[in-house]
$ cat protein_0.tsv   # TSV, C-alpha atoms and all ligand atoms
chain	number	residue	atom	x	y	z
A	1107	MET	CA	119.27	131.21	108.97
A	1108	ILE	CA	116.97	128.99	106.88
A	1109	THR	CA	117.63	125.29	107.43
A	1110	LYS	CA	117.25	123.35	104.20
A	1111	ILE	CA	116.29	119.67	104.21
A	1112	GLY	CA	118.53	118.06	101.59
A	1113	THR	CA	117.13	115.08	99.72
A	1114	THR	CA	119.01	114.90	96.39
A	1115	LYS	CA	122.56	114.05	95.24
A	1116	GLN	CA	122.90	117.73	94.39
A	1117	ASP	CA	122.08	118.58	98.02
A	1118	VAL	CA	124.80	116.20	99.26
A	1119	ALA	CA	127.27	117.98	96.96
A	1120	GLU	CA	126.09	121.32	98.36
A	1121	ALA	CA	126.48	120.02	101.93
A	1122	ALA	CA	130.03	118.85	101.13
A	1123	ALA	CA	130.85	122.34	99.80
A	1124	LEU	CA	129.47	123.85	103.03
A	1125	VAL	CA	131.74	121.56	105.09
A	1126	ARG	CA	134.75	122.53	102.97
A	1127	ALA	CA	133.84	126.20	103.57
A	1128	GLY	CA	133.91	125.69	107.35
A	1129	GLU	CA	130.12	125.44	107.86
A	1130	LEU	CA	128.16	122.73	109.69
A	1131	VAL	CA	125.63	120.28	108.21
A	1132	ALA	CA	123.59	117.50	109.80
A	1133	PHE	CA	123.72	114.12	108.11
A	1134	PRO	CA	122.34	110.61	108.60
A	1135	THR	CA	124.40	107.68	109.85
A	1136	GLU	CA	123.25	104.14	110.64
A	1137	THR	CA	123.43	104.92	114.40
A	1138	VAL	CA	122.07	108.44	114.89
A	1139	TYR	CA	122.21	111.69	112.88
A	1140	GLY	CA	125.46	113.64	113.19
A	1141	LEU	CA	126.25	117.38	113.28
A	1142	GLY	CA	129.28	117.56	111.00
A	1143	GLY	CA	132.10	119.97	110.32
A	1144	ASN	CA	135.66	119.78	108.95
A	1145	ALA	CA	137.59	117.90	111.65
A	1146	LEU	CA	140.87	119.58	110.65
A	1147	ASP	CA	139.43	123.09	111.07
A	1148	ALA	CA	139.49	124.26	114.70
A	1149	ASP	CA	136.89	126.96	113.99
A	1150	ALA	CA	134.46	124.40	112.56
A	1151	SER	CA	134.88	122.27	115.69
A	1152	ARG	CA	134.29	125.30	117.90
A	1153	LYS	CA	131.07	125.97	115.97
A	1154	ILE	CA	129.92	122.42	116.70
A	1155	TYR	CA	130.35	122.96	120.44
A	1156	ALA	CA	128.54	126.31	120.23
A	1157	VAL	CA	125.54	125.00	118.25
A	1158	LYS	CA	125.15	121.92	120.45
A	1159	GLY	CA	125.74	123.81	123.70
A	1160	ARG	CA	128.31	121.14	124.57
A	1161	PRO	CA	131.19	121.46	127.07
A	1162	SER	CA	134.41	121.94	125.07
A	1163	ASP	CA	136.29	119.23	127.02
A	1164	ASN	CA	133.99	116.54	125.56
A	1165	PRO	CA	135.82	115.32	122.42
A	1166	LEU	CA	134.25	114.74	118.98
A	1167	ILE	CA	134.28	111.60	116.82
A	1168	VAL	CA	136.00	111.97	113.43
A	1169	HIS	CA	134.20	110.25	110.54
A	1170	LEU	CA	136.07	108.68	107.61
A	1171	THR	CA	135.30	106.24	104.81
A	1172	LYS	CA	138.44	104.08	104.71
A	1173	ILE	CA	141.29	102.96	106.95
A	1174	GLU	CA	143.99	104.51	104.71
A	1175	ASP	CA	142.55	107.95	105.56
A	1176	ALA	CA	142.82	107.16	109.26
A	1177	GLU	CA	146.63	107.05	108.85
A	1178	ILE	CA	146.56	110.80	108.14
A	1179	ILE	CA	145.05	111.67	111.50
A	1180	ALA	CA	145.92	108.79	113.85
A	1181	HIS	CA	148.48	106.08	114.67
A	1182	VAL	CA	146.62	103.02	113.41
A	1183	THR	CA	147.46	99.91	115.45
A	1184	PRO	CA	147.17	96.25	114.42
A	1185	ASP	CA	144.14	95.88	116.73
A	1186	ALA	CA	142.48	98.81	114.95
A	1187	ARG	CA	143.01	97.09	111.60
A	1188	ARG	CA	141.48	93.86	112.87
A	1189	LEU	CA	138.43	95.65	114.23
A	1190	TYR	CA	138.14	97.62	111.00
A	1191	ASP	CA	138.16	94.41	108.96
A	1192	ALA	CA	135.56	92.80	111.23
A	1193	PHE	CA	133.08	95.64	111.81
A	1194	CYS	CA	133.69	98.59	109.50
A	1195	PRO	CA	131.97	100.34	107.95
A	1196	GLY	CA	129.58	100.07	110.86
A	1197	PRO	CA	128.63	101.22	114.37
A	1198	LEU	CA	132.10	101.12	115.95
A	1199	THR	CA	134.32	103.99	117.14
A	1200	MET	CA	137.99	103.43	117.96
A	1201	ILE	CA	140.15	105.69	120.12
A	1202	LEU	CA	143.73	105.95	118.83
A	1203	LYS	CA	146.74	108.22	119.44
A	1204	LYS	CA	146.28	111.32	117.29
A	1205	LYS	CA	148.62	113.00	114.83
A	1206	ALA	CA	149.41	116.71	114.97
A	1207	VAL	CA	147.10	117.70	112.09
A	1208	VAL	CA	144.05	117.14	114.30
A	1209	PRO	CA	143.40	120.37	116.22
A	1210	ASP	CA	142.93	120.32	120.01
A	1211	ALA	CA	139.50	121.86	119.47
A	1212	THR	CA	138.36	118.59	117.86
A	1213	THR	CA	139.71	116.28	120.58
A	1214	GLY	CA	138.88	118.42	123.59
A	1215	GLY	CA	142.60	118.92	124.17
A	1216	ARG	CA	143.36	115.17	124.24
A	1217	GLN	CA	146.29	113.49	122.53
A	1218	THR	CA	143.91	110.78	121.32
A	1219	VAL	CA	141.29	110.86	118.59
A	1220	ALA	CA	138.05	108.91	118.10
A	1221	ILE	CA	137.55	107.57	114.57
A	1222	ARG	CA	134.53	105.95	112.99
A	1223	PHE	CA	133.59	104.68	109.52
A	1224	PRO	CA	129.81	105.02	109.09
A	1225	SER	CA	128.05	102.67	106.69
A	1226	HIS	CA	125.15	104.94	105.73
A	1227	PRO	CA	125.54	105.75	102.01
A	1228	VAL	CA	124.66	109.44	102.46
A	1229	ALA	CA	127.29	109.81	105.19
A	1230	ARG	CA	129.87	108.11	102.98
A	1231	GLU	CA	129.04	110.25	99.98
A	1232	LEU	CA	129.22	113.42	102.10
A	1233	ILE	CA	132.65	112.51	103.54
A	1234	ASN	CA	134.04	111.51	100.15
A	1235	ARG	CA	132.78	114.63	98.42
A	1236	ALA	CA	133.96	116.93	101.22
A	1237	GLY	CA	137.42	115.38	100.90
A	1238	VAL	CA	138.13	116.03	104.58
A	1239	PRO	CA	137.47	113.98	107.73
A	1240	ILE	CA	134.19	115.08	109.33
A	1241	ALA	CA	133.95	115.66	113.09
A	1242	ALA	CA	130.43	114.93	114.25
A	1243	PRO	CA	128.66	114.49	117.56
A	1244	SER	CA	125.02	113.44	117.60
A	1245	ALA	CA	122.93	116.24	116.04
A	1246	ASN	CA	120.89	117.08	119.15
A	1247	LYS	CA	121.16	119.90	121.65
A	1248	SER	CA	123.51	118.84	124.45
A	1249	LYS	CA	121.65	116.72	127.07
A	1250	HIS	CA	118.61	116.13	124.81
A	1251	VAL	CA	117.70	112.80	123.21
A	1252	SER	CA	119.89	111.79	120.22
A	1253	PRO	CA	118.18	112.15	116.81
A	1254	THR	CA	117.27	109.08	114.76
A	1255	ALA	CA	115.31	110.98	112.08
A	1256	ALA	CA	115.84	114.22	110.16
A	1257	ALA	CA	112.70	115.63	111.87
A	1258	HIS	CA	114.38	115.15	115.28
A	1259	VAL	CA	117.38	117.19	114.11
A	1260	TYR	CA	115.03	119.86	112.79
A	1261	GLU	CA	113.28	120.07	116.21
A	1262	ASP	CA	116.60	120.76	117.95
A	1263	LEU	CA	118.66	122.72	115.40
A	1264	ALA	CA	116.33	124.48	112.92
A	1265	GLY	CA	117.57	127.99	112.17
A	1266	GLU	CA	121.07	127.24	113.48
A	1267	ILE	CA	122.58	125.23	110.61
A	1268	PRO	CA	122.17	125.65	106.84
A	1269	MET	CA	121.36	122.04	105.92
A	1270	ILE	CA	120.03	118.73	107.23
A	1271	LEU	CA	120.52	115.80	104.86
A	1272	GLU	CA	117.57	113.39	104.90
A	1273	GLY	CA	118.53	109.74	105.22
A	1274	GLY	CA	115.48	108.01	106.67
A	1275	ASP	CA	115.07	106.35	110.02
A	1276	ALA	CA	118.47	105.43	111.57
A	1277	GLU	CA	118.82	101.67	111.31
A	1278	VAL	CA	120.72	100.96	114.54
A	1279	GLY	CA	119.17	103.77	116.58
A	1280	ILE	CA	121.75	104.19	119.38
A	1281	GLU	CA	125.28	105.62	119.14
A	1282	SER	CA	128.28	103.53	118.12
A	1283	THR	CA	130.18	101.27	120.50
A	1284	ILE	CA	133.38	103.08	121.56
A	1285	VAL	CA	136.54	101.03	122.14
A	1286	ASP	CA	139.71	102.63	123.46
A	1287	LEU	CA	142.83	101.10	121.87
A	1288	THR	CA	145.36	103.46	123.46
A	1289	GLY	CA	145.90	101.58	126.73
A	1290	ASP	CA	147.43	98.22	127.67
A	1291	THR	CA	144.20	96.41	126.90
A	1292	PRO	CA	141.22	97.34	124.71
A	1293	THR	CA	138.47	98.98	126.77
A	1294	VAL	CA	134.86	99.56	125.79
A	1295	LEU	CA	133.97	103.12	126.84
A	1296	ARG	CA	130.38	103.17	125.56
A	1297	PRO	CA	128.24	100.10	124.87
A	1298	GLY	CA	126.49	99.86	121.51
A	1299	ALA	CA	125.18	97.44	118.91
A	1300	ILE	CA	128.61	95.78	118.65
A	1301	THR	CA	129.18	94.13	122.04
A	1302	ALA	CA	132.35	93.85	124.13
A	1303	GLU	CA	132.11	90.07	123.61
A	1304	GLU	CA	132.15	90.48	119.82
A	1305	ILE	CA	135.19	92.74	120.07
A	1306	ARG	CA	136.97	90.25	122.29
A	1307	ALA	CA	136.19	87.45	119.82
A	1308	VAL	CA	138.11	89.39	117.15
A	1309	LEU	CA	141.07	90.59	119.20
A	1310	GLY	CA	141.45	87.21	120.88
A	1311	GLU	CA	144.17	86.29	123.36
A	1312	GLY	CA	147.23	86.67	121.08
A	1313	ASP	CA	149.97	89.28	121.07
A	1314	TYR	CA	147.60	92.18	120.87
A	1315	TYR	CA	145.27	91.37	123.71
A	1316	ARG	CA	145.91	90.73	127.37
A	1317	GLY	CA	143.16	90.21	129.89
A	1318	GLU	CA	139.53	91.18	129.77
A	1319	ILE	CA	137.85	93.96	127.89
A	1320	LYS	CA	136.54	96.05	130.74
A	1321	GLU	CA	133.74	98.57	130.52
A	1322	ALA	CA	134.65	102.14	131.43
A	1323	LEU	CA	133.18	105.57	130.80
A	1324	ALA	CA	133.75	107.77	127.76
A	1325	PRO	CA	134.49	111.32	128.95
A	1326	GLY	CA	131.15	112.48	127.56
A	1327	MET	CA	129.28	109.92	129.62
A	1328	LYS	CA	129.79	111.88	132.83
A	1329	TYR	CA	127.32	114.51	131.64
A	1330	LYS	CA	123.55	114.16	131.94
A	1331	HIS	CA	122.37	112.61	128.71
A	1332	TYR	CA	119.59	111.52	126.44
A	1333	SER	CA	116.97	113.27	128.54
A	1334	PRO	CA	113.46	113.89	127.33
A	1335	LYS	CA	111.85	117.15	128.48
A	1336	VAL	CA	109.53	115.24	130.84
A	1337	PRO	CA	110.50	113.21	133.92
A	1338	CYS	CA	111.29	109.53	133.22
A	1339	TYR	CA	111.26	106.72	135.75
A	1340	LEU	CA	112.57	103.19	135.64
A	1341	ALA	CA	110.26	100.55	137.13
A	1342	ALA	CA	110.43	96.78	137.54
A	1343	ARG	CA	108.02	94.75	135.39
A	1344	GLU	CA	105.84	93.91	138.37
A	1345	SER	CA	105.70	97.56	139.57
A	1346	LEU	CA	104.64	99.23	136.33
A	1347	GLN	CA	100.95	99.49	137.25
A	1348	SER	CA	101.65	101.03	140.65
A	1349	ALA	CA	104.23	103.41	139.15
A	1350	LEU	CA	101.71	104.67	136.60
A	1351	GLU	CA	99.03	105.00	139.31
A	1352	ARG	CA	101.32	107.03	141.55
A	1353	LEU	CA	101.92	109.53	138.75
A	1354	MET	CA	98.22	109.69	137.88
A	1355	ALA	CA	97.41	110.35	141.54
A	1356	GLN	CA	99.56	113.50	141.17
A	1357	GLY	CA	97.27	114.63	138.33
A	1358	LEU	CA	99.82	113.69	135.63
A	1359	ARG	CA	99.29	111.85	132.33
A	1360	PRO	CA	102.10	109.27	132.15
A	1361	VAL	CA	103.01	106.97	129.28
A	1362	LEU	CA	104.60	103.54	129.54
A	1363	ILE	CA	107.65	102.61	127.41
A	1364	ALA	CA	108.12	98.83	127.34
A	1365	THR	CA	108.70	95.75	125.20
A	1366	GLU	CA	105.85	94.84	122.87
A	1367	GLU	CA	104.65	92.08	125.20
A	1368	THR	CA	104.38	94.39	128.20
A	1369	ALA	CA	103.27	97.51	126.31
A	1370	GLY	CA	100.29	95.61	124.90
A	1371	LYS	CA	98.81	95.37	128.40
A	1372	TYR	CA	98.82	99.12	129.10
A	1373	ALA	CA	97.47	102.33	127.58
A	1374	PRO	CA	98.85	104.75	126.72
A	1375	SER	CA	102.08	102.95	125.92
A	1376	ILE	CA	104.96	103.05	123.43
A	1377	SER	CA	106.35	99.71	122.27
A	1378	LEU	CA	110.07	98.96	122.07
A	1379	GLY	CA	109.31	95.90	119.93
A	1380	ASN	CA	110.14	92.25	120.46
A	1381	THR	CA	113.95	92.09	120.44
A	1382	ALA	CA	116.95	93.95	121.88
A	1383	LYS	CA	117.73	95.15	118.36
A	1384	ASP	CA	114.20	96.60	118.10
A	1385	ALA	CA	114.68	98.32	121.45
A	1386	GLN	CA	117.95	99.96	120.29
A	1387	HIS	CA	116.23	101.04	117.09
A	1388	ARG	CA	113.19	102.52	118.83
A	1389	ILE	CA	114.38	103.88	122.18
A	1390	TYR	CA	115.25	107.44	121.14
A	1391	GLY	CA	112.07	107.87	119.09
A	1392	ALA	CA	110.10	106.56	122.08
A	1393	LEU	CA	111.78	109.04	124.44
A	1394	ARG	CA	110.94	111.92	122.08
A	1395	GLU	CA	107.35	110.68	121.72
A	1396	ALA	CA	107.09	110.60	125.53
A	1397	GLU	CA	107.54	114.39	125.49
A	1398	SER	CA	103.89	114.77	124.48
A	1399	TYR	CA	102.89	113.26	127.86
A	1400	ASP	CA	103.64	114.55	131.39
A	1401	ALA	CA	105.96	111.72	132.42
A	1402	ALA	CA	107.24	108.33	131.28
A	1403	VAL	CA	107.62	105.03	133.10
A	1404	ILE	CA	110.15	102.69	131.44
A	1405	GLU	CA	110.27	98.93	131.94
A	1406	ASP	CA	113.52	97.81	133.58
A	1407	LEU	CA	115.12	95.27	131.19
A	1408	SER	CA	118.39	94.84	133.13
A	1409	ASP	CA	117.60	91.16	133.72
A	1410	ARG	CA	118.12	90.49	129.99
A	1411	ARG	CA	121.81	90.71	129.03
A	1412	GLU	CA	121.08	91.43	125.35
A	1413	TYR	CA	119.35	94.68	126.37
A	1414	TYR	CA	122.59	95.99	127.95
A	1415	ALA	CA	123.22	98.80	125.41
A	1416	ALA	CA	119.57	99.91	125.27
A	1417	MET	CA	119.44	99.88	129.09
A	1418	ASP	CA	122.58	102.04	129.22
A	1419	ARG	CA	120.66	104.78	127.36
A	1420	ILE	CA	117.48	104.20	129.40
A	1421	LYS	CA	119.42	104.57	132.67
A	1422	LYS	CA	120.89	107.85	131.41
A	1423	ALA	CA	117.43	109.09	130.40
A	1424	THR	CA	115.97	108.29	133.83
A	1425	GLY	CA	119.02	109.70	135.62
A	1426	GLY	CA	118.60	107.12	138.41
A	1427	ASN	CA	114.91	107.93	139.06
A	1428	ARG	CA	112.87	104.84	140.00
A	1429	LEU	CA	109.30	104.19	140.93
A	1501	LIG	O1	127.22	106.76	116.61
A	1501	LIG	C1	127.93	107.72	116.91
A	1501	LIG	O2	129.05	107.56	117.44
A	1501	LIG	C2	127.41	109.12	116.63
A	1501	LIG	C3	127.33	109.31	115.12
A	1501	LIG	C4	126.95	110.71	114.72
A	1501	LIG	O3	128.52	108.89	114.52
A	1501	LIG	N1	128.21	110.14	117.25
A	1501	LIG	C5	128.23	110.35	118.60
A	1501	LIG	O4	129.00	111.42	119.00
A	1501	LIG	O5	127.60	109.67	119.37
A	1501	LIG	P1	128.86	112.10	120.43
A	1501	LIG	O6	129.71	113.30	120.36
A	1501	LIG	O7	127.44	112.29	120.79
A	1501	LIG	O8	129.56	111.08	121.40
A	1501	LIG	C6	130.97	110.93	121.33
A	1501	LIG	C7	131.49	110.20	122.54
A	1501	LIG	C8	131.53	111.07	123.76
A	1501	LIG	O9	131.09	110.32	124.90
A	1501	LIG	C9	133.01	111.42	123.88
A	1501	LIG	O10	133.38	111.68	125.19
A	1501	LIG	C10	133.68	110.17	123.31
A	1501	LIG	O11	132.84	109.81	122.24
A	1501	LIG	N2	135.02	110.46	122.76
A	1501	LIG	C11	135.33	111.18	121.66
A	1501	LIG	N3	136.66	111.30	121.51
A	1501	LIG	C12	137.23	110.62	122.52
A	1501	LIG	C13	138.58	110.40	122.93
A	1501	LIG	N4	139.61	110.88	122.25
A	1501	LIG	N5	138.77	109.64	124.03
A	1501	LIG	C14	137.74	109.14	124.72
A	1501	LIG	N6	136.44	109.33	124.39
A	1501	LIG	C15	136.18	110.07	123.32
A	1502	MG	MG	125.65	112.56	121.82
$ encode --input "protein_0.tsv" --output "structure tokens" --more "lines below"
Ligand code: TXA
Ligand code: MG
Amino acid sequence: MITKIGTTKQDVAEAAALVRAGELVAFPTETVYGLGGNALDADASRKIYAVKGRPSDNPLIVHLTKIEDAEIIAHVTPDARRLYDAFCPGPLTMILKKKAVVPDATTGGRQTVAIRFPSHPVARELINRAGVPIAAPSANKSKHVSPTAAAHVYEDLAGEIPMILEGGDAEVGIESTIVDLTGDTPTVLRPGAITAEEIRAVLGEGDYYRGEIKEALAPGMKYKHYSPKVPCYLAARESLQSALERLMAQGLRPVLIATEETAGKYAPSISLGNTAKDAQHRIYGALREAESYDAAVIEDLSDRREYYAAMDRIKKATGGNRL
């Protein structure tokens, strides 16, 4: 199969027709690129799992453009409406109880469904033109680094899908925050650009919220994730030099991934910029760039609370390896 890179309005219309016909297309969102198919078509969902190489018990996120459409597929709670008003469209996914029209293939057999309203204009146009909710995981091969550019999607999925819509560099750069609204209290399952504190500030202490928002794991988070094809190691700021030297002593060519301030002192290095927002924006590109070296050493930023979401992805990429 030839994979077309779609750049025009006409291409978005063509992609929407492909989705309606049960095919898959990759499309940009503000977080990462998604691999989309008709969420109400079990066969389309099965294709997503097959193309990604993803375990079928790991549920998909369903993408919509407005809250009224969520009513068709899920039981929308007052908390969901408040979060929608505060953060959507944007990098937030909410887990709600599902309605029967959503096939088990889309939710990994769960009675709940993840919904998200992306802000990227190409994503919105695609969903609106398709006229169906679009199920989409990140458009990478399972376990590989999530794609933040059309070229990343092409690297992983060329020849396997008919179209990749071009939408530039993903603005946020890491996947949406996931909040589960099906339990007694809201629970953040995956950290992201919208923090648990911001969610708590909206839901407050009233009728709809009791106790703390705790952090738990999304079902997909149990799998190895976000891994570059070269070994990655976490190292404390003061151990970076010795970590790099240990790898070089093994005859390897390592690269350092660190904040601008630290990266400037080492070569070769890849900068994560000056702020936590920069780090979220750059981390996946940096991990892919690291694949042209033999190994990567990544600066441990756990001492800075604002880097929590970026560090979540870095810890997954290093899989607990430290130097
Ligand atoms: O930013 C994003 O959310 C991107 C873009 C494309 O929208 N999508 C994304 O999808 O990151 P994916 O499939 O890579 O990650 C979805 C996560 C998984 O960890 C999955 O387990 C969790 O969402 N999830 C989906 N449905 C769920 C459900 N019903 N209950 C609990 N977790 C769920
Ligand atoms: Mg993913």
$ residues_near_ligand --input "protein_0.tsv" --ligand "ligand MG 1502 (chain A)" --cutoff "8 Å" --atoms "only C-alpha atoms and all ligand atoms" --output "compact mmCIF listing (two decimals) with C-alpha atoms, keeping the file's coordinate frame"
# COMPACT_ATOMS: atom_id res chain seq x y z
CA PRO A 1243 128.66 114.49 117.56
CA SER A 1244 125.02 113.44 117.60
CA ALA A 1245 122.93 116.24 116.04
CA ASN A 1246 120.89 117.08 119.15
CA SER A 1248 123.51 118.84 124.45
CA LYS A 1249 121.65 116.72 127.07
CA SER A 1252 119.89 111.79 120.22
CA GLU A 1281 125.28 105.62 119.14
CA GLY A 1326 131.15 112.48 127.56
CA HIS A 1331 122.37 112.61 128.71
CA TYR A 1332 119.59 111.52 126.44
$ residues_near_ligand --input "protein_0.tsv" --ligand "ligand LIG 1501 (chain A)" --cutoff "8 Å" --atoms "all atoms listed in the file" --output "MDAnalysis selection string"
chainID A and resid 1134:1141 1164:1167 1169 1197:1199 1201:1202 1213:1214 1216:1222 1224 1242:1245 1252 1280:1284 1286 1295:1296 1323:1327
$ closest_residue --input "protein_0.tsv" --among "A:Lys1335, A:His1387, A:Arg1126, A:Lys1205" --to "Asn1234 (chain A)" --atoms "only C-alpha atoms"
A:Arg1126
$ closest_residue --input "protein_0.tsv" --among "A:Pro1292, A:Pro1334, A:Pro1253, A:Gly1159" --to "Pro1184 (chain A)" --atoms "only C-alpha atoms"
A:Pro1292
$ atom_distance --input "protein_0.tsv" --atom1 "CA of Gly1142 (chain A)" --atom2 "CA of Ala1257 (chain A)"
16.7 Å
$ residues_around --input "protein_0.tsv" --residues "Val1125 (chain A)" --least-positions-apart "6" --cutoff "8 Å" --atoms "only C-alpha atoms" --output "ChimeraX atom specification"
/A:1131,1142-1144,1236
$ write_last_selection --input "protein_0.tsv" --atoms "C-alpha atoms" --output "compact mmCIF listing (two decimals), in the coordinates of the input"
# COMPACT_ATOMS: atom_id res chain seq x y z
CA VAL A 1131 125.63 120.28 108.21
CA GLY A 1142 129.28 117.56 111.00
CA GLY A 1143 132.10 119.97 110.32
CA ASN A 1144 135.66 119.78 108.95
CA ALA A 1236 133.96 116.93 101.22
$ closest_residue --input "protein_0.tsv" --among "A:Gly1298, A:Pro1195, A:Pro1239, A:Gly1112" --to "Leu1146 (chain A)" --atoms "only C-alpha atoms"
A:Pro1239
$ residues_around --input "protein_0.tsv" --residues "Thr1171 (chain A)" --least-positions-apart "3" --cutoff "7 Å" --atoms "all atoms listed in the file" --output "number ranges by chain"
A: 1223, 1230, 1233
$ closest_residue --input "protein_0.tsv" --among "A:Val1294, A:Ala1123, A:Leu1429, A:Val1361" --to "Glu1344 (chain A)" --atoms "only C-alpha atoms"
A:Leu1429
$ atom_distance --input "protein_0.tsv" --atom1 "CA of Pro1360 (chain A)" --atom2 "CA of Ala1341 (chain A)"
12.9 Å
$ axis_aligned_box --input "protein_0.tsv" --around "region 1359-1368 of chain A" --padding-each-side "4 Å" --output "JSON"
{"center_x": 104.0, "center_y": 102.0, "center_z": 127.6, "size_x": 17.4, "size_y": 27.8, "size_z": 17.5}
$ atom_distance --input "protein_0.tsv" --atom1 "CA of Gly1215 (chain A)" --atom2 "CA of Lys1203 (chain A)"
12.4 Å
$ closest_residue --input "protein_0.tsv" --among "A:Leu1124, A:Ala1192, A:Arg1419, A:Val1228" --to "Ala1307 (chain A)" --atoms "all atoms listed in the file"
A:Ala1192
$ closest_residue --input "protein_0.tsv" --among "A:Gln1347, A:Ser1225, A:Ser1375, A:Thr1291" --to "Val1278 (chain A)" --atoms "all atoms listed in the file"
A:Ser1225
$ residues_near_point --input "protein_0.tsv" --point "(109.8, 105.4, 135.1)" --cutoff "8 Å" --atoms "only C-alpha atoms" --output "list in words"
Pro1337, Cys1338, Tyr1339, Leu1340, Ala1341, Ala1349, Leu1362, Ala1401, Ala1402, Val1403, Ile1404, Glu1405, Thr1424, Asn1427, Arg1428 and Leu1429 of chain A
$ write_last_selection --input "protein_0.tsv" --atoms "C-alpha atoms" --output "short mmCIF file (atom, residue, chain, number, x, y, z; two decimals), keeping the file's coordinate frame"
data_model
loop_
_atom_site.label_atom_id
_atom_site.label_comp_id
_atom_site.auth_asym_id
_atom_site.auth_seq_id
_atom_site.Cartn_x
_atom_site.Cartn_y
_atom_site.Cartn_z
CA PRO A 1337 110.50 113.21 133.92
CA CYS A 1338 111.29 109.53 133.22
CA TYR A 1339 111.26 106.72 135.75
CA LEU A 1340 112.57 103.19 135.64
CA ALA A 1341 110.26 100.55 137.13
CA ALA A 1349 104.23 103.41 139.15
CA LEU A 1362 104.60 103.54 129.54
CA ALA A 1401 105.96 111.72 132.42
CA ALA A 1402 107.24 108.33 131.28
CA VAL A 1403 107.62 105.03 133.10
CA ILE A 1404 110.15 102.69 131.44
CA GLU A 1405 110.27 98.93 131.94
CA THR A 1424 115.97 108.29 133.83
CA ASN A 1427 114.91 107.93 139.06
CA ARG A 1428 112.87 104.84 140.00
CA LEU A 1429 109.30 104.19 140.93
#
